[in-house]
file start-v9.pdb (PDB, C-alpha atoms, pLDDT in the B column)
MODEL        1
ATOM      1  CA  MET A   1     -15.099 123.773  62.004  1.00 51.00           C
ATOM      2  CA  THR A   2     -16.168 127.330  61.917  1.00 57.00           C
ATOM      3  CA  ASP A   3     -13.564 129.425  63.673  1.00 76.00           C
ATOM      4  CA  THR A   4      -9.962 129.455  64.765  1.00 78.00           C
ATOM      5  CA  ARG A   5     -10.752 129.125  68.480  1.00 81.00           C
ATOM      6  CA  GLU A   6     -12.971 126.078  67.889  1.00 84.00           C
ATOM      7  CA  LYS A   7     -10.238 124.466  65.780  1.00 84.00           C
ATOM      8  CA  GLY A   8      -7.651 125.290  68.450  1.00 86.00           C
ATOM      9  CA  ASN A   9      -9.770 123.841  71.260  1.00 90.00           C
ATOM     10  CA  ALA A  10     -10.373 120.622  69.309  1.00 91.00           C
ATOM     11  CA  GLY A  11      -6.649 120.351  68.534  1.00 93.00           C
ATOM     12  CA  GLU A  12      -5.718 120.857  72.191  1.00 95.00           C
ATOM     13  CA  GLU A  13      -8.158 118.137  73.282  1.00 96.00           C
ATOM     14  CA  ILE A  14      -6.589 115.726  70.792  1.00 96.00           C
ATOM     15  CA  ALA A  15      -3.106 116.773  71.955  1.00 97.00           C
ATOM     16  CA  CYS A  16      -3.991 116.140  75.620  1.00 98.00           C
ATOM     17  CA  LYS A  17      -5.296 112.660  74.816  1.00 97.00           C
ATOM     18  CA  PHE A  18      -2.100 111.989  72.851  1.00 97.00           C
ATOM     19  CA  LEU A  19       0.063 113.104  75.792  1.00 98.00           C
ATOM     20  CA  ILE A  20      -1.860 111.070  78.371  1.00 97.00           C
ATOM     21  CA  LYS A  21      -1.573 108.026  76.104  1.00 97.00           C
ATOM     22  CA  ASN A  22       2.204 108.635  76.065  1.00 96.00           C
ATOM     23  CA  GLY A  23       2.551 108.727  79.858  1.00 95.00           C
ATOM     24  CA  PHE A  24       2.229 112.453  80.604  1.00 97.00           C
ATOM     25  CA  LYS A  25       0.125 114.007  83.345  1.00 97.00           C
ATOM     26  CA  ILE A  26      -1.563 117.257  82.339  1.00 98.00           C
ATOM     27  CA  GLU A  27      -0.799 119.832  85.034  1.00 97.00           C
ATOM     28  CA  ASP A  28      -2.250 122.967  83.447  1.00 96.00           C
ATOM     29  CA  ARG A  29      -3.908 124.188  80.252  1.00 97.00           C
ATOM     30  CA  ASN A  30      -4.251 127.600  78.686  1.00 96.00           C
ATOM     31  CA  TYR A  31      -2.103 129.372  81.268  1.00 97.00           C
ATOM     32  CA  TYR A  32      -2.702 132.982  80.246  1.00 95.00           C
ATOM     33  CA  LYS A  33      -1.142 136.341  81.005  1.00 95.00           C
ATOM     34  CA  LYS A  34      -1.488 139.490  78.914  1.00 94.00           C
ATOM     35  CA  TRP A  35       1.915 138.814  77.289  1.00 92.00           C
ATOM     36  CA  GLY A  36       1.248 135.249  76.229  1.00 92.00           C
ATOM     37  CA  GLU A  37      -0.353 131.868  76.737  1.00 94.00           C
ATOM     38  CA  LEU A  38       0.906 128.337  77.307  1.00 96.00           C
ATOM     39  CA  ASP A  39      -1.314 125.723  75.700  1.00 96.00           C
ATOM     40  CA  ILE A  40      -0.401 122.657  77.758  1.00 98.00           C
ATOM     41  CA  ILE A  41       1.887 122.117  80.743  1.00 98.00           C
ATOM     42  CA  ALA A  42       2.533 118.478  81.601  1.00 98.00           C
ATOM     43  CA  THR A  43       4.829 116.347  83.700  1.00 96.00           C
ATOM     44  CA  LYS A  44       6.268 112.918  83.144  1.00 94.00           C
ATOM     45  CA  GLU A  45       8.111 110.692  85.568  1.00 88.00           C
ATOM     46  CA  ASN A  46      11.289 109.117  84.241  1.00 81.00           C
ATOM     47  CA  GLN A  47      13.630 106.660  85.882  1.00 76.00           C
ATOM     48  CA  LEU A  48      17.038 108.185  86.572  1.00 75.00           C
ATOM     49  CA  GLY A  49      19.204 105.459  88.061  1.00 78.00           C
ATOM     50  CA  ASN A  50      17.219 104.234  91.056  1.00 82.00           C
ATOM     51  CA  LYS A  51      15.269 107.500  91.402  1.00 82.00           C
ATOM     52  CA  LEU A  52      12.063 108.695  89.773  1.00 80.00           C
ATOM     53  CA  LYS A  53      12.447 112.182  88.350  1.00 81.00           C
ATOM     54  CA  LYS A  54       9.416 114.322  87.509  1.00 85.00           C
ATOM     55  CA  GLU A  55      10.156 116.336  84.362  1.00 92.00           C
ATOM     56  CA  LEU A  56       8.301 119.502  83.350  1.00 96.00           C
ATOM     57  CA  HIS A  57       7.167 119.895  79.725  1.00 97.00           C
ATOM     58  CA  PHE A  58       5.584 122.838  77.914  1.00 97.00           C
ATOM     59  CA  PHE A  59       3.628 122.187  74.712  1.00 97.00           C
ATOM     60  CA  GLU A  60       2.594 124.641  72.016  1.00 94.00           C
ATOM     61  CA  VAL A  61      -0.239 123.177  69.945  1.00 95.00           C
ATOM     62  CA  LYS A  62      -0.704 124.109  66.295  1.00 92.00           C
ATOM     63  CA  SER A  63      -3.831 122.711  64.678  1.00 89.00           C
ATOM     64  CA  VAL A  64      -4.837 122.498  61.036  1.00 86.00           C
ATOM     65  CA  VAL A  65      -7.956 121.118  59.398  1.00 83.00           C
ATOM     66  CA  ARG A  66      -7.171 119.313  56.190  1.00 75.00           C
ATOM     67  CA  ASN A  67      -8.739 116.427  54.334  1.00 67.00           C
ATOM     68  CA  PHE A  68      -5.610 114.278  54.175  1.00 62.00           C
ATOM     69  CA  THR A  69      -5.093 110.707  53.160  1.00 58.00           C
ATOM     70  CA  GLU A  70      -2.527 108.484  54.869  1.00 57.00           C
ATOM     71  CA  LYS A  71      -0.376 108.683  51.736  1.00 56.00           C
ATOM     72  CA  SER A  72      -0.479 112.488  51.525  1.00 54.00           C
ATOM     73  CA  PHE A  73       0.222 112.748  55.251  1.00 54.00           C
ATOM     74  CA  LYS A  74       3.301 110.518  55.018  1.00 54.00           C
ATOM     75  CA  ASN A  75       4.854 112.198  51.975  1.00 54.00           C
ATOM     76  CA  ARG A  76       3.746 115.704  53.088  1.00 56.00           C
ATOM     77  CA  SER A  77       2.248 116.567  49.676  1.00 52.00           C
ATOM     78  CA  GLY A  78       0.099 119.656  49.848  1.00 56.00           C
ATOM     79  CA  PHE A  79       1.006 120.418  53.467  1.00 59.00           C
ATOM     80  CA  HIS A  80       2.612 123.406  55.079  1.00 62.00           C
ATOM     81  CA  ASP A  81       4.158 122.665  58.437  1.00 69.00           C
ATOM     82  CA  PRO A  82       2.167 124.292  61.277  1.00 65.00           C
ATOM     83  CA  GLU A  83       5.300 124.582  63.411  1.00 67.00           C
ATOM     84  CA  GLU A  84       6.443 127.261  60.946  1.00 65.00           C
ATOM     85  CA  ASN A  85       3.889 129.501  62.705  1.00 66.00           C
ATOM     86  CA  VAL A  86       6.120 129.504  65.798  1.00 70.00           C
ATOM     87  CA  HIS A  87       8.034 132.535  64.543  1.00 70.00           C
ATOM     88  CA  ASP A  88      10.468 134.882  66.316  1.00 79.00           C
ATOM     89  CA  PHE A  89       7.794 136.993  68.019  1.00 83.00           C
ATOM     90  CA  LYS A  90       5.996 133.866  69.290  1.00 84.00           C
ATOM     91  CA  VAL A  91       9.286 132.443  70.626  1.00 84.00           C
ATOM     92  CA  LYS A  92       9.904 135.696  72.511  1.00 89.00           C
ATOM     93  CA  GLN A  93       6.395 135.483  74.021  1.00 92.00           C
ATOM     94  CA  LEU A  94       6.913 131.837  74.950  1.00 92.00           C
ATOM     95  CA  ARG A  95      10.190 132.566  76.737  1.00 92.00           C
ATOM     96  CA  LYS A  96       8.529 135.267  78.820  1.00 95.00           C
ATOM     97  CA  ILE A  97       5.387 133.274  79.668  1.00 96.00           C
ATOM     98  CA  ILE A  98       7.438 130.173  80.595  1.00 95.00           C
ATOM     99  CA  GLN A  99       9.562 132.300  82.936  1.00 95.00           C
ATOM    100  CA  THR A 100       6.368 133.709  84.459  1.00 96.00           C
ATOM    101  CA  TYR A 101       4.916 130.213  84.918  1.00 97.00           C
ATOM    102  CA  LEU A 102       8.089 128.891  86.566  1.00 96.00           C
ATOM    103  CA  VAL A 103       8.133 131.722  89.094  1.00 96.00           C
ATOM    104  CA  ASP A 104       4.349 131.783  89.588  1.00 96.00           C
ATOM    105  CA  LYS A 105       4.196 128.042  90.345  1.00 95.00           C
ATOM    106  CA  GLY A 106       7.261 128.060  92.623  1.00 94.00           C
ATOM    107  CA  TYR A 107       9.691 126.225  90.335  1.00 92.00           C
ATOM    108  CA  GLY A 108      12.166 129.106  90.084  1.00 88.00           C
ATOM    109  CA  LEU A 109      13.916 130.430  86.977  1.00 86.00           C
ATOM    110  CA  ASN A 110      16.652 127.763  87.039  1.00 88.00           C
ATOM    111  CA  HIS A 111      14.243 124.814  86.845  1.00 90.00           C
ATOM    112  CA  ILE A 112      14.983 122.492  83.925  1.00 89.00           C
ATOM    113  CA  PHE A 113      12.130 122.020  81.468  1.00 94.00           C
ATOM    114  CA  ASN A 114      11.455 120.806  77.936  1.00 95.00           C
ATOM    115  CA  PHE A 115       9.556 122.668  75.226  1.00 95.00           C
ATOM    116  CA  HIS A 116       7.786 120.916  72.359  1.00 95.00           C
ATOM    117  CA  ILE A 117       5.404 121.685  69.529  1.00 94.00           C
ATOM    118  CA  LEU A 118       2.499 119.374  68.772  1.00 95.00           C
ATOM    119  CA  CYS A 119       1.043 119.721  65.276  1.00 91.00           C
ATOM    120  CA  VAL A 120      -2.484 118.346  65.120  1.00 92.00           C
ATOM    121  CA  TYR A 121      -3.814 117.532  61.660  1.00 89.00           C
ATOM    122  CA  MET A 122      -7.593 117.073  61.744  1.00 89.00           C
ATOM    123  CA  ASN A 123      -9.621 115.582  58.893  1.00 86.00           C
ATOM    124  CA  GLU A 124     -13.243 116.783  58.940  1.00 81.00           C
ATOM    125  CA  LYS A 125     -14.430 114.173  56.452  1.00 82.00           C
ATOM    126  CA  THR A 126     -13.073 111.085  58.222  1.00 83.00           C
ATOM    127  CA  ARG A 127     -13.109 112.585  61.759  1.00 82.00           C
ATOM    128  CA  LYS A 128      -9.542 111.323  62.203  1.00 87.00           C
ATOM    129  CA  ALA A 129      -6.548 113.234  63.490  1.00 89.00           C
ATOM    130  CA  ARG A 130      -2.798 112.791  63.367  1.00 88.00           C
ATOM    131  CA  VAL A 131      -0.286 114.322  65.757  1.00 92.00           C
ATOM    132  CA  LYS A 132       3.252 115.258  64.762  1.00 90.00           C
ATOM    133  CA  TRP A 133       5.566 115.886  67.714  1.00 92.00           C
ATOM    134  CA  VAL A 134       8.417 118.372  67.256  1.00 90.00           C
ATOM    135  CA  ASN A 135      10.510 117.325  70.239  1.00 86.00           C
ATOM    136  CA  ASN A 136      12.802 119.468  72.447  1.00 83.00           C
ATOM    137  CA  VAL A 137      12.631 122.795  70.631  1.00 85.00           C
ATOM    138  CA  ILE A 138      15.263 125.306  71.743  1.00 77.00           C
ATOM    139  CA  LEU A 139      13.792 128.670  72.673  1.00 71.00           C
TER     140      LEU A 139
ENDMDL
END
call {"tool": "encode", "arguments": {"input": "start-v9.pdb", "output": "structure tokens"}}
result
Amino acid sequence: MTDTREKGNAGEEIACKFLIKNGFKIEDRNYYKKWGELDIIATKENQLGNKLKKELHFFEVKSVVRNFTEKSFKNRSGFHDPEENVHDFKVKQLRKIIQTYLVDKGYGLNHIFNFHILCVYMNEKTRKARVKWVNNVIL
């Protein structure tokens, strides 16, 4: 892969397929304002007693290209964790863009949501990818 945007787009495609496979419905992608961007916005219906509840989820996707083996992936040898790139400034941007999205789409600022990071590890040699889900990150 030649550039960061191409790598990011490929990672987001893999992430969307992963989410759909896990029961999510993709509502929006690459929601952009000048102060930030949301990679993926999805919903998932969950049973709450005898009611179906539609939950809102925001996903930040971090993609890396690395020629990993299953063994190196499992024991993390030679890896840095892409979620480490979600630093303080990025968290501040994410808070603001999520608030904007909630208001813009009519949810309101008090709407309950979940925020997650999906780390997509892509292997150029084998054309395989692995997804690591960092679940329910507190912003």
call {"tool": "closest_residue", "arguments": {"input": "start-v9.pdb", "among": "A:Ser63, A:Asn136, A:Asn114, A:Asn22", "to": "Glu6 of chain A", "atoms": "only C-alpha atoms"}}
result
A:Ser63
call {"tool": "residues_around", "arguments": {"input": "start-v9.pdb", "residues": "Val65 of chain A", "least_positions_apart": "5", "cutoff": "7 Å", "atoms": "all atoms listed in the file", "output": "VMD selection string"}}
result
chain A and resid 121 to 124
call {"tool": "write_last_selection", "arguments": {"input": "start-v9.pdb", "atoms": "C-alpha atoms", "output": "PDB file, keeping the file's coordinate frame"}}
result
ATOM      1  CA  TYR A 121      -3.814 117.532  61.660  1.00 89.00           C
ATOM      2  CA  MET A 122      -7.593 117.073  61.744  1.00 89.00           C
ATOM      3  CA  ASN A 123      -9.621 115.582  58.893  1.00 86.00           C
ATOM      4  CA  GLU A 124     -13.243 116.783  58.940  1.00 81.00           C
TER       5      GLU A 124
END
call {"tool": "resolve_selection", "arguments": {"input": "start-v9.pdb", "expression": "the PyMOL selection byres ((chain A and resi 18) around 12)", "output": "list in words"}}
result
Gly11, Glu12, Glu13, Ile14, Ala15, Cys16, Lys17, Leu19, Ile20, Lys21, Asn22, Gly23, Phe24, Lys25, Ile26, Ile40, Ala42, Phe59, Val61, Leu118, Cys119, Val120, Ala129, Arg130, Val131, Lys132 and Trp133 of chain A
call {"tool": "closest_atom_pairs", "arguments": {"input": "start-v9.pdb", "of": "segment 88-119 of chain A", "to": "segment 33-39 of chain A", "cutoff": "8 Å", "atoms": "all atoms listed in the file", "output": "CSV"}}
result
residue,atom,partner,partner_atom,distance
A:Gln93,CA,A:Gly36,CA,5.6
A:Leu94,CA,A:Gly36,CA,6.7
A:Lys96,CA,A:Trp35,CA,7.7
A:Ile97,CA,A:Gly36,CA,5.7
A:Ile98,CA,A:Leu38,CA,7.5
call {"tool": "axis_aligned_box", "arguments": {"input": "start-v9.pdb", "around": "segment 12-26 of chain A", "padding_each_side": "6 Å", "output": "lines of an AutoDock Vina configuration file"}}
result
center_x = -2.8
center_y = 114.4
center_z = 77.1
size_x = 22.7
size_y = 24.8
size_z = 24.6
call {"tool": "resolve_selection", "arguments": {"input": "start-v9.pdb", "expression": "the PyMOL selection byres ((chain A and resi 86) around 12)", "output": "count of residues only"}}
result
25
call {"tool": "atom_distance", "arguments": {"input": "start-v9.pdb", "atom1": "atom CA of Lys7 of chain A", "atom2": "atom CA of Val64 of chain A"}}
result
7.5 Å
call {"tool": "atom_distance", "arguments": {"input": "start-v9.pdb", "atom1": "atom CA of Asp104 of chain A", "atom2": "atom CA of His57 of chain A"}}
result
15.7 Å
call {"tool": "atom_distance", "arguments": {"input": "start-v9.pdb", "atom1": "atom CA of Tyr31 of chain A", "atom2": "atom CA of Thr43 of chain A"}}
result
15.0 Å
call {"tool": "residues_around", "arguments": {"input": "start-v9.pdb", "residues": "Lys54 of chain A", "least_positions_apart": "4", "cutoff": "7 Å", "atoms": "all atoms listed in the file", "output": "PyMOL selection string"}}
result
chain A and resi 43-46
